[in-house]
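As structure tokens, the structure follows; a few thoughts come after it.
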Amino acid sequence: MSLPQIVTREEWRAAREALRAQEEELDRARRALNDRRRQLPMVEVGDEYVFGGGDGRATLRDLFEGRQQLIVHHFVFPPEGEDDGADRPGSTALLDQIGPLTHLWTRHTTFAVVSRAPFRRILPFKARMGWAVPWYSSAGSPFDADFDATVVRGGRPVDRPGLSCFLRDRDRVLHTYSAFEDGLAGIGSLTGLLDLTALGRQEEREETPGRAPAVPAVGAVRR
């Protein structure tokens with residue numbers, strides 16, 4: 001196995017400081033990118049999508065659970081009769097890293113999983129994996145296709161892992177951001193998820209000059 005060069009402590013410190021400068025530059029670029037993401041225009045969601053879950057039927061607005069933001073993980077799990085992609089690493093890795101959602105809830109943000117498989121197939125798989133996140137079935141709904149989580153390749157629908165972010169402005173639901181496949185690389189924490197949303201981490205240093213006023217908070221934080 002090839003290893004890095006072994007040097008003195010003084011040489012290591014000099015090399016470490018040189019690398020620190022690059023790390024700080026990368027961090028500044030990341031913060032600038034997050035700021036641009038928060039300035040993206042939004043699209044009002046007009047269709048009343050309906051999902052299946054443990055409590056029966058739910059609309060997209062219901063998935064917010066009374067909070068202001070919603071992050072949807074498009075999990076690759078097609079309907080029966082198609083290839084079962086539930087064991088693809090790209091679909092499971094993110095959920096394996098998601099712990100208690102309290103950090104999101106205190107920032108008025110809900111996380112939910114959506115797949116095209118019927119809920120009766122989702123439930124046993126979710127239990128086997130030990131995941132506690134809310135999971136809904138979009139079977140029979142155009143939701144995945146409308147938000148580019150299901151695309152047509154070779155004449156057949158193909159699902160791809162992704163994340164879509166939504167903002168609730170009173171009774172309006174707004175689509176703010178989506179990322180798929182390679183765009184999910186590096187998102188391994190709840191803070192990383194918040195960076196994808198329109199309101200970000202909701203820290204004072206994130207205030208963007210020239211941006212429209214923040215949408216008023218809606219509802220209490222549910223746990």
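A note on labels: chains of the structure tokens are A, B, ... as shown, every chain counts residues from 1, and ligands are counted from 1 in their shown order.
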
DSSP says strand (DSSP E or B) for which residues of chain A? Put them as a VMD selection string? chain A and resid 43 to 44 50 to 53 56 to 59 69 to 74 109 to 115 135 to 137 150 to 153 156 to 159 162 to 169 172 to 180

If we count only C-alpha atoms, what is near Gly200 (chain A) at a cut-off of 12 Å, once residues fewer than 6 positions away on the same chain are taken out, given as a PyMOL selection string? chain A and resi 31+33-39+69+71+104+107-109+165+167+176-177+190-194+206-208+214

Picked from region 87-213 of chain A by DSSP as alpha helix (DSSP H), as a PDB file with C-alpha atoms, in the first residue's frame:
ATOM      1  CA  PRO A  89     -27.106   1.836  -2.553  1.00  0.00           C
ATOM      2  CA  GLY A  90     -28.042   5.261  -3.933  1.00  0.00           C
ATOM      3  CA  SER A  91     -31.520   4.907  -2.473  1.00  0.00           C
ATOM      4  CA  THR A  92     -30.643   3.432   0.902  1.00  0.00           C
ATOM      5  CA  ALA A  93     -27.447   5.298   1.842  1.00  0.00           C
ATOM      6  CA  LEU A  94     -29.197   8.580   2.595  1.00  0.00           C
ATOM      7  CA  LEU A  95     -31.864   7.024   4.824  1.00  0.00           C
ATOM      8  CA  ASP A  96     -29.228   5.025   6.678  1.00  0.00           C
ATOM      9  CA  GLN A  97     -27.693   8.352   7.746  1.00  0.00           C
ATOM     10  CA  THR A 102     -35.871  16.897  15.756  1.00  0.00           C
ATOM     11  CA  HIS A 103     -33.131  19.100  14.260  1.00  0.00           C
ATOM     12  CA  LEU A 104     -35.319  19.637  11.193  1.00  0.00           C
ATOM     13  CA  TRP A 105     -38.537  20.060  13.160  1.00  0.00           C
ATOM     14  CA  PHE A 119     -47.771   1.107   0.604  1.00  0.00           C
ATOM     15  CA  ARG A 120     -48.369  -2.591   1.355  1.00  0.00           C
ATOM     16  CA  ARG A 121     -44.943  -3.305  -0.198  1.00  0.00           C
ATOM     17  CA  ILE A 122     -43.227  -0.328   1.419  1.00  0.00           C
ATOM     18  CA  LEU A 123     -44.257  -1.120   5.008  1.00  0.00           C
ATOM     19  CA  PRO A 124     -42.467  -4.498   5.449  1.00  0.00           C
ATOM     20  CA  PHE A 125     -39.330  -3.215   3.709  1.00  0.00           C
ATOM     21  CA  LYS A 126     -39.252  -0.118   5.926  1.00  0.00           C
ATOM     22  CA  ALA A 127     -39.621  -2.315   9.020  1.00  0.00           C
ATOM     23  CA  ARG A 128     -36.840  -4.640   7.876  1.00  0.00           C
ATOM     24  CA  MET A 129     -34.485  -1.684   7.373  1.00  0.00           C
ATOM     25  CA  PHE A 143     -46.043  13.193  -8.654  1.00  0.00           C
ATOM     26  CA  ASP A 144     -42.744  11.436  -9.444  1.00  0.00           C
ATOM     27  CA  ALA A 145     -42.938  12.154 -13.160  1.00  0.00           C
ATOM     28  CA  ASP A 146     -43.952  15.785 -12.621  1.00  0.00           C
ATOM     29  CA  LEU A 190     -29.564  17.083   8.542  1.00  0.00           C
ATOM     30  CA  THR A 191     -27.646  20.352   8.212  1.00  0.00           C
ATOM     31  CA  GLY A 192     -26.791  19.368   4.655  1.00  0.00           C
ATOM     32  CA  LEU A 193     -30.484  18.818   3.979  1.00  0.00           C
ATOM     33  CA  LEU A 194     -31.352  22.257   5.332  1.00  0.00           C
TER      34      LEU A 194
END

Report, in Å with one decimal, the straight-line distance from CA of Pro157 (chain A) to CA of Val50 (chain A). 19.8 Å

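Between Asp55 (chain A) and the candidates A:Ala32, A:Pro134, A:Val7, A:Glu24, the tightest atom-to-atom separation, counting only C-alpha atoms, involves A:Pro134.
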
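Distances from A:Val151, A:Leu40, A:Val76, A:Leu101 to Ser115 (chain A) were compared using only C-alpha atoms, and the smallest one belongs to A:Val76.
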
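For the choices A:Val173, A:Ala14, A:Leu196, A:Ser138, the atom-to-atom distance to Gln68 (chain A) is smallest for A:Val173 when using only C-alpha atoms.
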
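From CA of Thr110 (chain A) back to CA of Ile98 (chain A), the distance works out to 12.5 Å.
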
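CA of Leu26 (chain A) is positioned 27.7 Å from CA of Phe111 (chain A).
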
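Using only C-alpha atoms, the shortest contact distance between Gly99 (chain A) and any of A:Gly188, A:Arg30, A:Asp47, A:Gln202 is found at A:Gly188.
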
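Using only C-alpha atoms, the contacts of Gly52 (chain A) at a cut-off of 9 Å, with sequence neighbours closer than 2 positions omitted, comprise Val50, Gly54, Asp55, Gly56, Arg57, Ala58, Thr59, Pro118, Phe119, Trp135, Tyr136, Ser137, Ser138 and Ala139 of chain A.
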
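Around Ser164 (chain A), within 10 Å and counting only C-alpha atoms, the residues found are Leu70, Ile71, Val72, His73, His74, Phe147, Asp148, Ala149, His175, Thr176, Tyr177, Ser178, Ala179, Phe180, Leu196 and Thr197 of chain A, once anything fewer than 5 positions away on its own chain is removed.
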